[in-house]
>>> print(open('query_13.pdb').read())   # PDB, C-alpha atoms, pLDDT in the B column
ATOM      1  CA  VAL A  14       0.000   0.000   0.000  1.00 92.00           C
ATOM      2  CA  ARG A  15       1.466   3.328  -1.089  1.00 96.00           C
ATOM      3  CA  VAL A  16       0.068   6.654   0.124  1.00 97.00           C
ATOM      4  CA  ILE A  17       0.460   9.936  -1.743  1.00 98.00           C
ATOM      5  CA  GLY A  18      -0.596  13.261  -0.211  1.00 98.00           C
ATOM      6  CA  LYS A  19      -0.840  12.068   3.391  1.00 96.00           C
ATOM      7  CA  GLU A  20       0.132  15.597   4.472  1.00 97.00           C
ATOM      8  CA  PHE A  21      -3.432  16.685   3.652  1.00 98.00           C
ATOM      9  CA  MET A  22      -4.583  14.711   6.693  1.00 96.00           C
ATOM     10  CA  ASN A  23      -2.862  17.438   8.744  1.00 96.00           C
ATOM     11  CA  THR A  24      -5.372  20.042   7.550  1.00 96.00           C
ATOM     12  CA  PRO A  25      -6.528  21.626  10.830  1.00 96.00           C
ATOM     13  CA  GLY A  26      -9.863  20.648  12.314  1.00 97.00           C
ATOM     14  CA  ALA A  27     -12.468  18.113  11.313  1.00 97.00           C
ATOM     15  CA  LYS A  28     -12.769  17.093   7.681  1.00 97.00           C
ATOM     16  CA  ILE A  29     -14.829  14.845   5.462  1.00 97.00           C
ATOM     17  CA  TYR A  30     -12.844  12.299   3.480  1.00 97.00           C
ATOM     18  CA  ALA A  31     -14.637  11.213   0.288  1.00 97.00           C
ATOM     19  CA  SER A  32     -13.376   8.212  -1.682  1.00 97.00           C
ATOM     20  CA  ASN A  33     -14.267   6.083  -4.660  1.00 96.00           C
ATOM     21  CA  HIS A  34     -15.591   2.649  -3.688  1.00 92.00           C
ATOM     22  CA  THR A  35     -14.238  -0.306  -5.651  1.00 89.00           C
ATOM     23  CA  SER A  36     -14.410  -3.458  -3.498  1.00 85.00           C
ATOM     24  CA  TYR A  37     -14.991  -4.967  -0.062  1.00 76.00           C
ATOM     25  CA  PHE A  38     -11.239  -4.609   0.362  1.00 79.00           C
ATOM     26  CA  ASP A  39     -11.261  -0.770   0.354  1.00 86.00           C
ATOM     27  CA  VAL A  40     -11.403  -0.316   4.124  1.00 82.00           C
ATOM     28  CA  LEU A  41      -8.351  -2.421   5.007  1.00 84.00           C
ATOM     29  CA  PRO A  42      -5.743  -0.517   2.937  1.00 90.00           C
ATOM     30  CA  LEU A  43      -7.292   2.768   4.077  1.00 91.00           C
ATOM     31  CA  MET A  44      -6.853   1.755   7.710  1.00 87.00           C
ATOM     32  CA  MET A  45      -3.309   0.495   7.000  1.00 90.00           C
ATOM     33  CA  GLY A  46      -2.249   3.531   4.980  1.00 94.00           C
ATOM     34  CA  LEU A  47      -4.054   6.335   6.784  1.00 94.00           C
ATOM     35  CA  GLY A  48      -4.748   4.986  10.240  1.00 89.00           C
ATOM     36  CA  VAL A  49      -8.210   5.623  11.648  1.00 75.00           C
ATOM     37  CA  PRO A  50      -8.418   9.272  12.758  1.00 86.00           C
ATOM     38  CA  TYR A  51     -11.991   9.383  11.397  1.00 85.00           C
ATOM     39  CA  ARG A  52     -15.341   7.620  11.590  1.00 80.00           C
ATOM     40  CA  PHE A  53     -16.512   5.581   8.598  1.00 76.00           C
ATOM     41  CA  VAL A  54     -20.054   5.909   7.311  1.00 72.00           C
ATOM     42  CA  ALA A  55     -21.280   2.519   6.060  1.00 65.00           C
ATOM     43  CA  LYS A  56     -24.508   1.029   4.803  1.00 59.00           C
ATOM     44  CA  SER A  57     -26.269  -0.994   7.507  1.00 55.00           C
ATOM     45  CA  GLU A  58     -25.725  -4.294   5.658  1.00 60.00           C
ATOM     46  CA  VAL A  59     -22.010  -4.013   6.467  1.00 61.00           C
ATOM     47  CA  GLN A  60     -22.848  -4.048  10.189  1.00 62.00           C
ATOM     48  CA  ASN A  61     -23.952  -7.689   9.768  1.00 63.00           C
ATOM     49  CA  MET A  62     -20.678  -8.877   8.229  1.00 60.00           C
ATOM     50  CA  PRO A  63     -18.696 -11.085  10.637  1.00 60.00           C
ATOM     51  CA  PHE A  64     -15.365  -9.242  10.969  1.00 65.00           C
ATOM     52  CA  ILE A  65     -15.938  -5.810   9.508  1.00 64.00           C
ATOM     53  CA  GLY A  66     -19.382  -5.303  11.109  1.00 60.00           C
ATOM     54  CA  THR A  67     -18.024  -6.050  14.572  1.00 61.00           C
ATOM     55  CA  PHE A  68     -15.117  -3.655  14.009  1.00 64.00           C
ATOM     56  CA  LEU A  69     -17.400  -0.839  12.803  1.00 63.00           C
ATOM     57  CA  ARG A  70     -19.820  -1.236  15.723  1.00 60.00           C
ATOM     58  CA  LYS A  71     -17.097  -1.448  18.396  1.00 58.00           C
ATOM     59  CA  MET A  72     -15.265   1.598  17.015  1.00 64.00           C
ATOM     60  CA  GLY A  73     -18.427   3.740  16.916  1.00 61.00           C
ATOM     61  CA  HIS A  74     -18.547   4.169  13.159  1.00 60.00           C
ATOM     62  CA  LEU A  75     -21.781   5.451  11.604  1.00 62.00           C
ATOM     63  CA  SER A  76     -24.301   3.466   9.574  1.00 60.00           C
ATOM     64  CA  PHE A  77     -27.565   3.983   7.743  1.00 51.00           C
ATOM     65  CA  VAL A  78     -30.215   1.995   5.884  1.00 49.00           C
ATOM     66  CA  ARG A  79     -29.864   2.807   2.184  1.00 62.00           C
ATOM     67  CA  THR A  80     -33.539   2.189   1.396  1.00 61.00           C
ATOM     68  CA  ASP A  81     -34.843   4.336   4.258  1.00 63.00           C
ATOM     69  CA  THR A  82     -35.023   8.081   3.559  1.00 70.00           C
ATOM     70  CA  ASN A  83     -35.232   8.915   7.268  1.00 68.00           C
ATOM     71  CA  SER A  84     -32.147   6.815   8.012  1.00 56.00           C
ATOM     72  CA  ARG A  85     -30.236   8.628   5.265  1.00 62.00           C
ATOM     73  CA  ARG A  86     -31.258  12.006   6.735  1.00 80.00           C
ATOM     74  CA  GLU A  87     -30.209  10.870  10.198  1.00 81.00           C
ATOM     75  CA  ALA A  88     -26.812   9.809   8.811  1.00 78.00           C
ATOM     76  CA  ILE A  89     -26.300  13.306   7.372  1.00 80.00           C
ATOM     77  CA  GLN A  90     -27.202  14.787  10.753  1.00 88.00           C
ATOM     78  CA  GLN A  91     -24.733  12.399  12.427  1.00 87.00           C
ATOM     79  CA  ILE A  92     -22.010  13.510  10.007  1.00 88.00           C
ATOM     80  CA  GLU A  93     -22.768  17.163  10.774  1.00 92.00           C
ATOM     81  CA  SER A  94     -22.764  16.479  14.505  1.00 91.00           C
ATOM     82  CA  ALA A  95     -19.489  14.544  14.353  1.00 92.00           C
ATOM     83  CA  VAL A  96     -17.611  17.260  12.436  1.00 95.00           C
ATOM     84  CA  ARG A  97     -19.025  19.984  14.685  1.00 95.00           C
ATOM     85  CA  ASP A  98     -17.606  17.966  17.600  1.00 95.00           C
ATOM     86  CA  GLY A  99     -14.199  17.983  15.885  1.00 96.00           C
ATOM     87  CA  GLU A 100     -14.324  14.412  14.518  1.00 94.00           C
ATOM     88  CA  SER A 101     -13.469  13.660  10.906  1.00 95.00           C
ATOM     89  CA  VAL A 102     -15.717  11.400   8.852  1.00 93.00           C
ATOM     90  CA  PHE A 103     -14.935   9.061   5.933  1.00 92.00           C
ATOM     91  CA  VAL A 104     -17.566   8.406   3.252  1.00 92.00           C
ATOM     92  CA  PHE A 105     -17.870   6.465   0.012  1.00 92.00           C
ATOM     93  CA  PRO A 106     -20.298   8.795  -1.807  1.00 94.00           C
ATOM     94  CA  GLU A 107     -20.860   6.320  -4.666  1.00 93.00           C
ATOM     95  CA  GLY A 108     -22.745   4.290  -2.082  1.00 82.00           C
ATOM     96  CA  THR A 109     -21.832   0.924  -3.581  1.00 83.00           C
ATOM     97  CA  PHE A 110     -19.418  -0.729  -5.980  1.00 82.00           C
ATOM     98  CA  VAL A 111     -19.702  -2.786  -9.137  1.00 85.00           C
ATOM     99  CA  PRO A 112     -17.254  -5.017 -11.071  1.00 79.00           C
ATOM    100  CA  GLU A 113     -16.877  -2.521 -13.945  1.00 88.00           C
ATOM    101  CA  GLU A 114     -14.300   0.253 -13.754  1.00 89.00           C
ATOM    102  CA  GLY A 115     -15.403   3.855 -13.383  1.00 94.00           C
ATOM    103  CA  VAL A 116     -16.207   6.456 -10.752  1.00 97.00           C
ATOM    104  CA  ARG A 117     -19.984   6.320 -10.420  1.00 96.00           C
ATOM    105  CA  PRO A 118     -22.214   9.323  -9.573  1.00 96.00           C
ATOM    106  CA  PHE A 119     -21.931  10.584  -5.997  1.00 97.00           C
ATOM    107  CA  GLN A 120     -24.698  10.993  -3.431  1.00 92.00           C
ATOM    108  CA  LEU A 121     -24.908  14.545  -2.067  1.00 94.00           C
ATOM    109  CA  GLY A 122     -25.289  14.012   1.707  1.00 92.00           C
ATOM    110  CA  ALA A 123     -21.666  14.363   2.803  1.00 94.00           C
ATOM    111  CA  PHE A 124     -21.126  17.393   0.561  1.00 96.00           C
ATOM    112  CA  ASN A 125     -24.240  19.023   1.991  1.00 93.00           C
ATOM    113  CA  ALA A 126     -22.851  18.382   5.492  1.00 94.00           C
ATOM    114  CA  ALA A 127     -19.557  20.007   4.457  1.00 95.00           C
ATOM    115  CA  VAL A 128     -21.333  23.130   3.188  1.00 94.00           C
ATOM    116  CA  VAL A 129     -23.553  23.425   6.271  1.00 92.00           C
ATOM    117  CA  THR A 130     -20.653  22.989   8.716  1.00 93.00           C
ATOM    118  CA  GLY A 131     -17.873  24.677   6.721  1.00 93.00           C
ATOM    119  CA  VAL A 132     -15.464  21.731   6.943  1.00 97.00           C
ATOM    120  CA  PRO A 133     -13.273  20.790   3.978  1.00 98.00           C
ATOM    121  CA  VAL A 134     -13.646  17.687   1.853  1.00 98.00           C
ATOM    122  CA  ILE A 135     -10.450  15.716   1.237  1.00 98.00           C
ATOM    123  CA  PRO A 136     -10.802  13.658  -1.977  1.00 98.00           C
ATOM    124  CA  VAL A 137      -9.266  10.186  -1.567  1.00 98.00           C
ATOM    125  CA  SER A 138      -8.540   8.106  -4.673  1.00 98.00           C
ATOM    126  CA  LEU A 139      -8.140   4.340  -4.465  1.00 96.00           C
ATOM    127  CA  ALA A 140      -6.258   2.583  -7.261  1.00 94.00           C
ATOM    128  CA  GLY A 141      -5.723  -1.174  -7.230  1.00 90.00           C
ATOM    129  CA  THR A 142      -8.357  -2.402  -4.788  1.00 87.00           C
ATOM    130  CA  ARG A 143     -10.783  -3.313  -7.599  1.00 85.00           C
ATOM    131  CA  ARG A 144      -8.093  -5.524  -9.159  1.00 80.00           C
ATOM    132  CA  PHE A 145      -7.352  -7.111  -5.784  1.00 77.00           C
ATOM    133  CA  LEU A 146     -10.926  -8.192  -5.044  1.00 71.00           C
ATOM    134  CA  ARG A 147     -13.347  -7.296  -7.845  1.00 68.00           C
ATOM    135  CA  ASP A 148     -17.065  -7.507  -7.029  1.00 70.00           C
ATOM    136  CA  GLY A 149     -18.352 -10.976  -7.884  1.00 73.00           C
ATOM    137  CA  THR A 150     -15.011 -12.727  -7.306  1.00 69.00           C
ATOM    138  CA  LEU A 151     -14.124 -14.951  -4.383  1.00 72.00           C
ATOM    139  CA  PHE A 152     -10.347 -14.947  -4.415  1.00 77.00           C
ATOM    140  CA  PRO A 153      -8.007 -11.970  -4.179  1.00 74.00           C
ATOM    141  CA  ARG A 154      -5.345 -11.318  -6.814  1.00 81.00           C
ATOM    142  CA  PRO A 155      -1.904  -9.906  -6.093  1.00 83.00           C
ATOM    143  CA  THR A 156      -1.700  -6.199  -6.820  1.00 86.00           C
ATOM    144  CA  SER A 157      -0.413  -2.969  -5.387  1.00 90.00           C
ATOM    145  CA  VAL A 158      -2.733  -0.342  -3.957  1.00 93.00           C
ATOM    146  CA  THR A 159      -2.184   3.394  -4.189  1.00 96.00           C
ATOM    147  CA  ILE A 160      -4.130   5.816  -2.023  1.00 97.00           C
ATOM    148  CA  THR A 161      -3.924   9.420  -3.215  1.00 98.00           C
ATOM    149  CA  LEU A 162      -5.221  12.256  -1.062  1.00 98.00           C
ATOM    150  CA  SER A 163      -5.876  15.513  -2.898  1.00 98.00           C
ATOM    151  CA  ALA A 164      -5.767  19.025  -1.497  1.00 98.00           C
ATOM    152  CA  PRO A 165      -8.747  20.013   0.665  1.00 98.00           C
ATOM    153  CA  LEU A 166     -11.796  21.413  -1.087  1.00 98.00           C
ATOM    154  CA  TRP A 167     -13.171  24.198   1.083  1.00 97.00           C
ATOM    155  CA  PRO A 168     -16.880  24.981   0.817  1.00 96.00           C
ATOM    156  CA  LYS A 169     -18.213  28.488   0.574  1.00 89.00           C
ATOM    157  CA  VAL A 170     -20.323  28.684   3.703  1.00 76.00           C
ATOM    158  CA  SER A 171     -23.601  30.549   3.656  1.00 67.00           C
ATOM    159  CA  GLU A 172     -24.012  33.309   6.222  1.00 71.00           C
ATOM    160  CA  ASN A 173     -27.087  31.732   7.823  1.00 70.00           C
ATOM    161  CA  GLY A 174     -25.575  28.215   8.168  1.00 63.00           C
ATOM    162  CA  THR A 175     -27.871  26.611   5.623  1.00 66.00           C
ATOM    163  CA  SER A 176     -27.068  24.613   2.539  1.00 73.00           C
ATOM    164  CA  ASP A 177     -26.566  26.246  -0.847  1.00 90.00           C
ATOM    165  CA  TRP A 178     -27.512  23.731  -3.557  1.00 91.00           C
ATOM    166  CA  HIS A 179     -25.052  25.145  -6.109  1.00 93.00           C
ATOM    167  CA  GLU A 180     -22.184  24.940  -3.625  1.00 95.00           C
ATOM    168  CA  VAL A 181     -23.065  21.359  -2.680  1.00 95.00           C
ATOM    169  CA  VAL A 182     -23.022  20.341  -6.361  1.00 96.00           C
ATOM    170  CA  ARG A 183     -19.778  22.261  -7.020  1.00 97.00           C
ATOM    171  CA  LEU A 184     -18.065  20.524  -4.114  1.00 97.00           C
ATOM    172  CA  ARG A 185     -19.356  17.086  -5.180  1.00 98.00           C
ATOM    173  CA  ASP A 186     -18.238  17.570  -8.789  1.00 98.00           C
ATOM    174  CA  ALA A 187     -14.784  18.871  -7.801  1.00 98.00           C
ATOM    175  CA  ALA A 188     -14.210  15.903  -5.466  1.00 98.00           C
ATOM    176  CA  ARG A 189     -15.409  13.417  -8.090  1.00 98.00           C
ATOM    177  CA  GLU A 190     -13.075  14.876 -10.733  1.00 98.00           C
ATOM    178  CA  GLN A 191     -10.050  14.705  -8.388  1.00 98.00           C
ATOM    179  CA  ILE A 192     -10.870  11.134  -7.399  1.00 98.00           C
ATOM    180  CA  ALA A 193     -11.271  10.005 -11.023  1.00 97.00           C
ATOM    181  CA  ARG A 194      -8.011  11.702 -12.028  1.00 97.00           C
ATOM    182  CA  HIS A 195      -5.955   9.857  -9.400  1.00 97.00           C
ATOM    183  CA  SER A 196      -7.800   6.526  -9.377  1.00 97.00           C
ATOM    184  CA  GLY A 197      -7.069   5.876 -13.052  1.00 94.00           C
ATOM    185  CA  GLU A 198     -10.748   5.183 -13.686  1.00 95.00           C
ATOM    186  CA  PRO A 199     -13.117   7.231 -15.858  1.00 96.00           C
ATOM    187  CA  LEU A 200     -16.155   9.165 -14.708  1.00 96.00           C
ATOM    188  CA  VAL A 201     -19.295   7.176 -15.573  1.00 95.00           C
TER     189      VAL A 201
END
>>> encode(input="query_13.pdb", output="structure tokens")
Amino acid sequence: VRVIGKEFMNTPGAKIYASNHTSYFDVLPLMMGLGVPYRFVAKSEVQNMPFIGTFLRKMGHLSFVRTDTNSRREAIQQIESAVRDGESVFVFPEGTFVPEEGVRPFQLGAFNAAVVTGVPVIPVSLAGTRRFLRDGTLFPRPTSVTITLSAPLWPKVSENGTSDWHEVVRLRDAAREQIARHSGEPLV
């Protein structure tokens, strides 16, 4: 596992890390390469997985039910609360992964939380994890993994502490472009 741009983790204060999502293997190299100075946000199904679910629950990571609108809203509120309390949060805004290469469209929740709270988004690009354990395969393949952190993307915060739709979309699109550039996968 090789890490590029780790100095961006030293950006003062809480931050939201946003990464492409390519396989079940994504979390392990992130923990190895970056440590865990943040809380992951994961879909509730992951909580039921034998090893990873136990780890996420015991470490106080956040989860939500993808099919439940209220649960998704609560997750956004939890992200906002965590960063206001000085904790950084790590999200996979694609929400899921598929076997085919490409950076899929991003959900807006984490970017909305960044705009409302004024914390930066650190784009994190994963390259190699899809090759290691592609969706639909059972056995890992030898590969190297590169994690690239890009410079923080600072939101323009509204004066009344509410979300500005255009700023949320700008932040999402900028993060997605950085992630695609360094992951070696196209935008889809």
>>> resolve_selection(input="query_13.pdb", expression="the PyMOL selection byres ((chain A and resi 18-27) around 10)", output="PyMOL selection string")
chain A and resi 16-17+28-30+46-47+50-51+95-102+130-137+160-165
>>> closest_residue(input="query_13.pdb", among="A:Glu107, A:Arg154, A:Leu41, A:Asn125", to="A:Val170", atoms="only C-alpha atoms")
A:Asn125
>>> axis_aligned_box(input="query_13.pdb", around="stretch 161-177 of chain A", padding_each_side="3 Å", output="lines of an AutoDock Vina configuration file")
center_x = -15.9
center_y = 21.4
center_z = 2.5
size_x = 29.9
size_y = 29.9
size_z = 17.4
>>> atom_distance(input="query_13.pdb", atom1="atom CA of A:Gly48", atom2="atom CA of A:His34")
17.8 Å
>>> atom_distance(input="query_13.pdb", atom1="atom CA of A:Pro168", atom2="atom CA of A:Leu43")
24.4 Å
>>> resolve_selection(input="query_13.pdb", expression="the PyMOL selection byres ((chain A and resi 183) around 12)", output="VMD selection string")
chain A and resid 119 121 124 to 125 127 to 128 134 166 to 169 177 to 182 184 to 190
>>> closest_residue(input="query_13.pdb", among="A:Gly197, A:Gly122, A:Pro42, A:Gly115", to="A:Ser138", atoms="all atoms listed in the file")
A:Gly197
